[in-house]
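Source file coords36.txt; content: compact mmCIF, C-alpha atoms.
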```
# COMPACT_ATOMS: atom_id res chain seq x y z
CA MET A 1 33.08 20.34 -25.88
CA THR A 2 33.23 21.69 -22.32
CA GLU A 3 35.21 19.76 -19.72
CA PHE A 4 34.40 20.00 -16.02
CA LYS A 5 34.86 18.30 -12.66
CA ALA A 6 32.21 16.09 -11.09
CA LEU A 7 31.84 13.57 -8.30
CA LEU A 8 31.32 10.21 -9.98
CA VAL A 9 29.94 7.18 -8.12
CA SER A 10 30.76 3.88 -9.78
CA GLU A 11 30.23 0.23 -8.95
CA GLY A 12 33.26 -2.07 -8.81
CA ALA A 13 33.43 -5.68 -9.91
CA ASP A 14 33.07 -6.73 -6.28
CA GLY A 15 29.79 -4.78 -5.93
CA ALA A 16 31.36 -2.05 -3.80
CA PHE A 17 30.78 1.59 -4.72
CA GLN A 18 33.58 4.12 -5.16
CA ARG A 19 33.31 7.91 -5.06
CA GLU A 20 35.88 10.11 -6.77
CA VAL A 21 36.15 13.51 -8.42
CA VAL A 22 36.84 13.06 -12.14
CA GLN A 23 36.97 15.05 -15.36
CA ARG A 24 33.82 14.84 -17.50
CA ASN A 25 32.51 16.73 -20.52
CA ASP A 26 29.15 18.14 -21.50
CA GLU A 27 28.66 15.46 -24.19
CA GLN A 28 28.28 12.95 -21.32
CA LEU A 29 25.32 14.88 -19.90
CA PRO A 30 21.71 13.93 -20.71
CA GLN A 31 19.51 15.81 -23.16
CA GLY A 32 17.73 18.95 -21.99
CA GLU A 33 16.89 22.53 -22.97
CA LEU A 34 19.22 24.14 -20.42
CA LEU A 35 22.97 23.76 -19.90
CA ILE A 36 23.76 25.24 -16.49
CA ARG A 37 27.11 26.08 -14.93
CA VAL A 38 26.59 25.04 -11.31
CA ARG A 39 27.96 27.44 -8.70
CA TYR A 40 26.58 25.81 -5.55
CA SER A 41 24.89 22.61 -4.45
CA SER A 42 24.16 21.08 -1.05
CA LEU A 43 24.50 17.68 0.57
CA ASN A 44 21.28 15.90 1.54
CA TYR A 45 20.63 12.45 2.97
CA LYS A 46 19.16 11.36 -0.39
CA ASP A 47 22.46 12.34 -2.04
CA ALA A 48 24.34 10.14 0.40
CA LEU A 49 22.01 7.23 -0.39
CA SER A 50 22.62 7.72 -4.12
CA ALA A 51 26.36 7.94 -3.50
CA SER A 52 26.32 4.64 -1.61
CA GLY A 53 24.56 2.64 -4.32
CA ASN A 54 20.97 2.71 -3.07
CA ARG A 55 18.93 1.41 -6.03
CA GLY A 56 15.76 2.90 -4.57
CA VAL A 57 17.25 6.33 -5.31
CA THR A 58 19.49 5.70 -8.32
CA ARG A 59 18.98 2.78 -10.69
CA ALA A 60 22.12 2.89 -12.84
CA TYR A 61 25.79 3.71 -12.27
CA PRO A 62 28.21 5.41 -12.88
CA HIS A 63 26.29 8.45 -11.68
CA THR A 64 26.74 11.98 -10.33
CA PRO A 65 24.42 12.71 -7.35
CA GLY A 66 23.20 16.10 -6.17
CA ILE A 67 19.46 16.82 -5.94
CA ASP A 68 20.12 20.57 -5.60
CA ALA A 69 21.85 22.97 -7.97
CA ALA A 70 22.07 26.73 -8.38
CA GLY A 71 23.98 28.35 -11.19
CA VAL A 72 24.05 30.28 -14.45
CA VAL A 73 22.50 29.31 -17.79
CA GLU A 74 25.26 28.70 -20.35
CA ALA A 75 23.02 27.54 -23.20
CA SER A 76 19.26 27.56 -23.71
CA SER A 77 17.00 26.29 -26.49
CA VAL A 78 13.84 27.88 -25.03
CA ALA A 79 12.68 31.48 -24.97
CA GLU A 80 11.90 31.44 -21.23
CA PHE A 81 15.60 31.36 -20.30
CA ALA A 82 18.54 33.33 -21.68
CA VAL A 83 22.27 32.82 -21.38
CA GLY A 84 23.36 34.45 -18.13
CA ASP A 85 20.13 33.84 -16.22
CA GLU A 86 20.72 32.68 -12.65
CA VAL A 87 18.54 29.67 -11.86
CA ILE A 88 17.67 27.17 -9.12
CA VAL A 89 16.96 23.49 -9.79
CA THR A 90 15.73 21.17 -7.04
CA GLY A 91 13.93 17.85 -7.05
CA TYR A 92 12.30 16.07 -9.99
CA ASP A 93 14.90 13.56 -11.24
CA LEU A 94 17.97 15.73 -10.66
CA GLY A 95 20.69 13.76 -8.88
CA MET A 96 18.60 10.61 -8.82
CA ASN A 97 18.80 9.18 -12.34
CA THR A 98 19.85 12.43 -14.03
CA ALA A 99 23.39 13.72 -13.48
CA GLY A 100 23.10 16.16 -10.59
CA GLY A 101 24.56 19.14 -8.81
CA PHE A 102 27.79 17.48 -7.70
CA GLY A 103 29.11 18.32 -11.14
CA GLN A 104 30.17 21.76 -12.37
CA TYR A 105 27.66 21.45 -15.23
CA ILE A 106 24.17 19.96 -15.51
CA ARG A 107 21.79 19.71 -18.45
CA VAL A 108 18.10 19.60 -17.55
CA PRO A 109 14.61 20.24 -18.93
CA ALA A 110 13.57 23.89 -18.67
CA ALA A 111 10.50 22.73 -16.72
CA TRP A 112 12.77 21.89 -13.77
CA ALA A 113 14.32 25.35 -13.36
CA ILE A 114 13.16 28.60 -11.81
CA LYS A 115 14.85 31.97 -12.10
CA ARG A 116 16.55 33.06 -8.91
CA PRO A 117 14.35 35.41 -6.89
CA GLN A 118 15.92 38.86 -6.66
CA GLY A 119 16.35 38.73 -2.89
CA LEU A 120 17.99 35.32 -2.77
CA PRO A 121 21.62 34.97 -3.95
CA LEU A 122 22.64 31.58 -5.37
CA ARG A 123 24.72 30.76 -2.30
CA GLU A 124 21.82 31.41 0.08
CA ALA A 125 19.49 29.42 -2.17
CA MET A 126 21.70 26.36 -1.76
CA ILE A 127 22.12 26.76 1.99
CA LEU A 128 18.37 26.29 1.88
CA GLY A 129 18.19 23.77 -0.98
CA THR A 130 15.64 20.99 -0.90
CA ALA A 131 15.86 20.96 2.90
CA GLY A 132 14.86 24.60 3.18
CA LEU A 133 12.14 24.25 0.59
CA THR A 134 10.74 21.24 2.46
CA ALA A 135 10.88 23.01 5.83
CA ALA A 136 9.04 25.99 4.37
CA LEU A 137 6.39 23.74 2.81
CA CYS A 138 5.86 22.06 6.20
CA VAL A 139 5.41 25.36 8.01
CA ASP A 140 3.12 26.62 5.26
CA LYS A 141 0.91 23.53 5.62
CA LEU A 142 0.75 23.98 9.39
CA GLU A 143 -0.32 27.60 8.90
CA GLN A 144 -2.98 26.55 6.40
CA ALA A 145 -4.27 24.00 8.94
CA GLY A 146 -4.70 26.75 11.52
CA VAL A 147 -1.57 26.30 13.65
CA ILE A 148 -0.57 29.81 14.73
CA PRO A 149 1.93 31.01 17.37
CA GLU A 150 -0.89 31.45 19.90
CA SER A 151 -1.87 27.78 19.47
CA GLY A 152 1.04 26.56 21.59
CA THR A 153 4.38 24.81 21.20
CA VAL A 154 5.38 23.35 17.84
CA LEU A 155 7.64 20.29 17.90
CA VAL A 156 10.38 19.64 15.32
CA THR A 157 11.75 16.09 15.17
CA GLY A 158 15.19 15.34 13.77
CA ALA A 159 15.97 18.94 14.62
CA THR A 160 19.73 18.83 13.99
CA GLY A 161 19.25 17.69 10.38
CA GLY A 162 18.84 19.90 7.33
CA VAL A 163 15.05 20.15 7.26
CA GLY A 164 14.74 20.15 11.04
CA SER A 165 17.30 22.85 11.73
CA ILE A 166 15.82 25.20 9.12
CA ALA A 167 12.32 24.51 10.46
CA VAL A 168 13.48 25.53 13.95
CA VAL A 169 14.90 28.81 12.63
CA LEU A 170 11.82 29.57 10.52
CA LEU A 171 9.27 28.76 13.21
CA LYS A 172 11.12 30.85 15.78
CA GLN A 173 11.36 33.80 13.40
CA LEU A 174 7.60 33.56 12.83
CA GLY A 175 6.95 33.82 16.56
CA TYR A 176 6.28 30.20 17.54
CA ARG A 177 7.48 28.51 20.71
CA VAL A 178 9.66 25.68 19.40
CA ALA A 179 10.55 22.32 20.93
CA ALA A 180 13.47 20.62 19.19
CA ALA A 181 13.68 16.83 19.37
CA THR A 182 16.99 15.08 18.73
CA GLY A 183 18.96 11.96 19.47
CA LYS A 184 22.12 14.08 19.73
CA ALA A 185 22.07 15.41 23.29
CA GLU A 186 25.45 17.06 22.76
CA GLN A 187 23.83 19.41 20.19
CA ALA A 188 21.46 21.05 22.69
CA ASP A 189 23.40 24.34 22.67
CA PHE A 190 23.42 24.34 18.86
CA LEU A 191 19.63 23.97 18.80
CA ARG A 192 19.11 26.66 21.42
CA GLY A 193 21.30 28.92 19.30
CA LEU A 194 18.91 28.38 16.40
CA GLY A 195 15.98 29.44 18.58
CA ALA A 196 14.70 26.26 20.23
CA ASP A 197 12.91 27.00 23.52
CA GLU A 198 12.90 23.38 24.66
CA ILE A 199 15.01 20.28 23.93
CA VAL A 200 13.28 16.89 23.78
CA SER A 201 15.23 13.63 23.68
CA ARG A 202 14.54 10.92 21.14
CA GLU A 203 14.02 8.47 24.00
CA GLU A 204 11.27 10.64 25.45
CA LEU A 205 9.44 10.70 22.11
CA GLN A 206 9.65 6.92 21.83
CA GLN A 207 7.89 6.32 25.14
CA GLY A 208 4.30 5.10 25.02
CA SER A 209 4.40 3.68 21.50
CA GLU A 210 2.20 0.79 22.68
CA ARG A 211 -0.57 3.14 23.85
CA PRO A 212 -3.38 4.36 21.55
CA MET A 213 -3.35 7.90 23.02
CA LEU A 214 -0.88 10.10 24.86
CA LYS A 215 -1.22 13.31 26.86
CA GLU A 216 -1.97 16.40 24.76
CA ARG A 217 1.24 18.37 24.37
CA TRP A 218 1.92 19.87 20.93
CA ALA A 219 -0.09 22.41 18.96
CA GLY A 220 1.69 21.26 15.82
CA ALA A 221 4.79 19.50 14.62
CA VAL A 222 7.23 19.17 11.74
CA ASP A 223 8.25 15.52 11.57
CA THR A 224 11.37 14.57 9.60
CA VAL A 225 11.87 11.03 10.93
CA GLY A 226 8.67 8.97 10.52
CA GLY A 227 8.29 5.57 12.16
CA ASP A 228 6.70 5.12 15.58
CA ILE A 229 8.01 8.51 16.65
CA LEU A 230 5.69 10.10 14.09
CA PHE A 231 2.65 8.36 15.47
CA ASN A 232 3.66 9.17 19.04
CA VAL A 233 3.67 12.80 17.91
CA VAL A 234 0.19 12.36 16.40
CA LYS A 235 -1.01 10.87 19.70
CA SER A 236 0.43 13.87 21.58
CA LEU A 237 -1.18 16.62 19.49
CA ARG A 238 -3.62 18.97 21.14
CA HIS A 239 -7.17 19.01 19.84
CA SER A 240 -7.28 20.12 16.19
CA GLY A 241 -3.47 20.09 16.01
CA SER A 242 -1.50 19.06 12.92
CA VAL A 243 1.80 17.43 12.06
CA ALA A 244 3.52 17.93 8.71
CA CYS A 245 5.34 14.73 7.74
CA CYS A 246 8.30 14.77 5.34
CA GLY A 247 10.88 12.16 6.41
CA LEU A 248 11.54 8.50 7.12
CA THR A 249 14.89 8.07 8.86
CA ALA A 250 13.17 6.25 11.76
CA GLY A 251 11.19 4.01 9.41
CA VAL A 252 8.46 4.01 6.78
CA GLY A 253 5.78 2.35 8.91
CA PHE A 254 4.17 2.78 12.31
CA GLN A 255 1.50 1.21 14.51
CA ALA A 256 -1.58 3.35 13.95
CA SER A 257 -4.88 3.99 15.71
CA VAL A 258 -7.84 6.07 14.56
CA LEU A 259 -8.42 7.38 18.09
CA PRO A 260 -6.36 10.60 17.89
CA PHE A 261 -8.11 11.48 14.64
CA ILE A 262 -11.69 10.88 15.78
CA LEU A 263 -11.33 11.98 19.42
CA ARG A 264 -9.08 15.03 18.97
CA GLY A 265 -9.63 15.91 15.31
CA VAL A 266 -5.90 16.02 14.53
CA ASN A 267 -4.36 16.14 11.06
CA LEU A 268 -1.48 14.23 9.47
CA LEU A 269 -0.23 16.34 6.56
CA GLY A 270 2.03 14.85 3.91
CA VAL A 271 4.70 17.07 2.37
CA ASP A 272 6.52 16.40 -0.92
CA SER A 273 9.05 18.81 -2.40
CA VAL A 274 10.27 16.62 -5.29
CA GLU A 275 7.39 16.36 -7.78
CA LEU A 276 5.65 19.52 -6.62
CA PRO A 277 4.39 21.70 -9.53
CA LEU A 278 7.00 24.27 -10.49
CA VAL A 279 4.63 27.18 -9.86
CA VAL A 280 4.25 26.08 -6.22
CA LYS A 281 8.01 25.74 -5.82
CA ALA A 282 8.53 29.19 -7.34
CA SER A 283 6.02 30.80 -4.97
CA MET A 284 7.75 29.21 -1.97
CA TRP A 285 11.20 30.34 -3.16
CA ASP A 286 9.78 33.85 -3.51
CA LYS A 287 8.53 33.64 0.07
CA LEU A 288 11.96 32.50 1.29
CA SER A 289 13.54 35.47 -0.46
CA LEU A 290 11.20 38.01 1.14
CA GLN A 291 8.96 37.63 4.21
CA TRP A 292 10.54 34.32 5.22
CA LYS A 293 14.15 35.32 4.55
CA LEU A 294 16.36 33.65 7.15
CA ASP A 295 19.84 34.04 8.62
CA LEU A 296 21.21 30.53 8.12
CA ALA A 297 24.90 31.24 8.70
CA PRO A 298 24.90 29.53 12.15
CA LEU A 299 23.87 26.18 10.67
CA CYS A 300 25.95 26.13 7.47
CA GLN A 301 29.28 24.48 6.77
CA GLU A 302 30.82 25.14 3.33
CA ILE A 303 32.95 22.54 1.56
CA GLY A 304 34.46 22.03 -1.88
CA LEU A 305 33.86 19.22 -4.35
CA THR A 306 36.90 17.23 -3.22
CA GLU A 307 35.64 17.20 0.37
CA LEU A 308 32.35 15.54 -0.57
CA PRO A 309 33.40 11.87 -0.13
CA VAL A 310 34.28 12.44 3.53
CA ALA A 311 31.11 14.47 4.14
CA ILE A 312 29.02 11.69 2.57
CA GLU A 313 30.48 9.15 4.98
CA ARG A 314 29.66 11.48 7.86
CA ILE A 315 26.02 11.93 6.90
CA LEU A 316 25.61 8.17 6.39
CA ALA A 317 26.98 7.65 9.90
CA GLY A 318 24.43 10.10 11.33
CA GLY A 319 27.02 12.76 12.04
CA MET A 320 25.65 15.66 10.01
CA VAL A 321 24.41 18.74 11.84
CA GLY A 322 22.74 21.62 10.03
CA ARG A 323 23.46 22.20 6.35
CA ILE A 324 26.46 21.39 4.16
CA LEU A 325 26.89 23.83 1.29
CA VAL A 326 28.92 22.50 -1.66
CA ARG A 327 30.95 25.05 -3.62
CA LEU A 328 31.52 24.08 -7.27
CA ASP A 329 34.57 26.15 -8.24
```

Produce structure tokens that represent the structure in this file.
Amino acid sequence: MTEFKALLVSEGADGAFQREVVQRNDEQLPQGELLIRVRYSSLNYKDALSASGNRGVTRAYPHTPGIDAAGVVEASSVAEFAVGDEVIVTGYDLGMNTAGGFGQYIRVPAAWAIKRPQGLPLREAMILGTAGLTAALCVDKLEQAGVIPESGTVLVTGATGGVGSIAVVLLKQLGYRVAAATGKAEQADFLRGLGADEIVSREELQQGSERPMLKERWAGAVDTVGGDILFNVVKSLRHSGSVACCGLTAGVGFQASVLPFILRGVNLLGVDSVELPLVVKASMWDKLSLQWKLDLAPLCQEIGLTELPVAIERILAGGMVGRILVRLD
């Protein structure tokens, strides 16, 4: 029996949820072909929702969140993985209803894991995490839809968040002119440091929500917020432009009109990084380890397991900027 530390979220008799680092053992983990010693994880908004008792993310408690994990295989019952292999696990049910990366050990199906690409150390993989994978998928979809640097400015909404900040860095590295939209005006210098050419306020993006069309402005966009802001972005796309949609912090619904689609031929592209086939995830991780390899040090803050409860409160309050890397030592 292997004992280890993990963040455990439990529900009290009064219905309130508590978060504390406790001792657990591997016999308390679910069944699976791989036992993995987690070296790094990362903090995402979905983790914070799970850690606050959101039943839409996690059905049963006590529970250990953490939708991202990178570590070393300690035991394997399948030929595809050997003890000592370094692996990345993101998405599927990890951290939702299966004990996740905020524990020093996880046990998961082999079908959830990929071997670490040679050019991507475990630490860098978790600075990226689900956020980086999602940002890369968004940019890839824009490229497939014909949005190229010569097309014009690409907008990123929620640009100070995990997906948004990585999207800004990636787009700039690929040669795009990037407009970063945020409700945090005080983070303008941070965004310019990541490569943003233009800062757009949240209030500006909210204007004109009652109108069916807006002035053509963006060649493409990565939208991480949803709601009426998303459809304002759609209404502001240039002819044949596209927006990749991957978030919902501003809401799950919006007032829609067919006019931008039939008059300008724009595209609304959905992006999912959770249930994506493993082969697609692996190809994107390979890309992030080679031609799309990024310097993410300026947007990363590293914390330990015991610092997670405070960081979770901060992200729930809208105070997170960039990426939070979680060290599991």

**Request:** Give as a list in words every residue, naming chains and numbers as the document does, that has an atom within 9 Å of (20.1, 8.8, 18.3), counting only C-alpha atoms.
**Result:** Thr182, Gly183, Lys184, Ala185, Ser201, Arg202, Glu203 and Gly318 of chain A

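Those residues that approach A:Pro109 to within 6 Å, counting all atoms listed in the file, are A:Gly32, A:Glu33, A:Trp112; same-chain residues fewer than 3 positions away are not listed.
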
**Asked** Leaving out A:Cys245 and any residue of its chain fewer than 4 positions from it, which residues lie within 12 Å of it when counting all atoms listed in the file, given as an NGL selection string?
**Response** :A and (134-135 or 137-139 or 141-142 or 155-158 or 163-164 or 220-227 or 229-231 or 233-234 or 249 or 252 or 267-273)

Find the smallest box with edges along x, y and z containing every listed atom of stretch 157-160 of chain A, then add 4 Å on each side and report centre and edge lengths in Å to one decimal, as JSON.
```
{"center_x": 15.7, "center_y": 17.1, "center_z": 14.5, "size_x": 16.0, "size_y": 11.6, "size_z": 9.4}
```

**Cut-off 7 Å around (20.2, 21.3, -7.8) with all atoms listed in the file: residues as a PyMOL selection string** = chain A and resi 41+66-70+88-90+94+100-101

Stretch 140-225 of chain A residues near stretch 289-297 of chain A within 9 Å, closest pair each, using all atoms listed in the file, as a Markdown table:
```
| residue | atom | partner | partner_atom | distance |
| --- | --- | --- | --- | --- |
| A:Ile166 | CA | A:Leu296 | CA | 7.6 |
| A:Val169 | CA | A:Leu294 | CA | 7.5 |
| A:Leu170 | CA | A:Leu294 | CA | 7.0 |
| A:Gln173 | CA | A:Leu294 | CA | 8.0 |
| A:Leu174 | CA | A:Trp292 | CA | 8.2 |
| A:Leu194 | CA | A:Leu296 | CA | 8.9 |
```

**Item:** Selected residue of minimal separation from A:Thr98 among A:Ser42, A:Thr160, A:Thr58, A:Ser76, counting all atoms listed in the file
**Value:**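 Among the listed residues, A:Thr58 lies closest to A:Thr98.
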
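Considering only C-alpha atoms, the residue among A:Gln187, A:Ser151, A:Gln207, A:Gln144 positioned nearest to A:Gly319 is A:Gln187.
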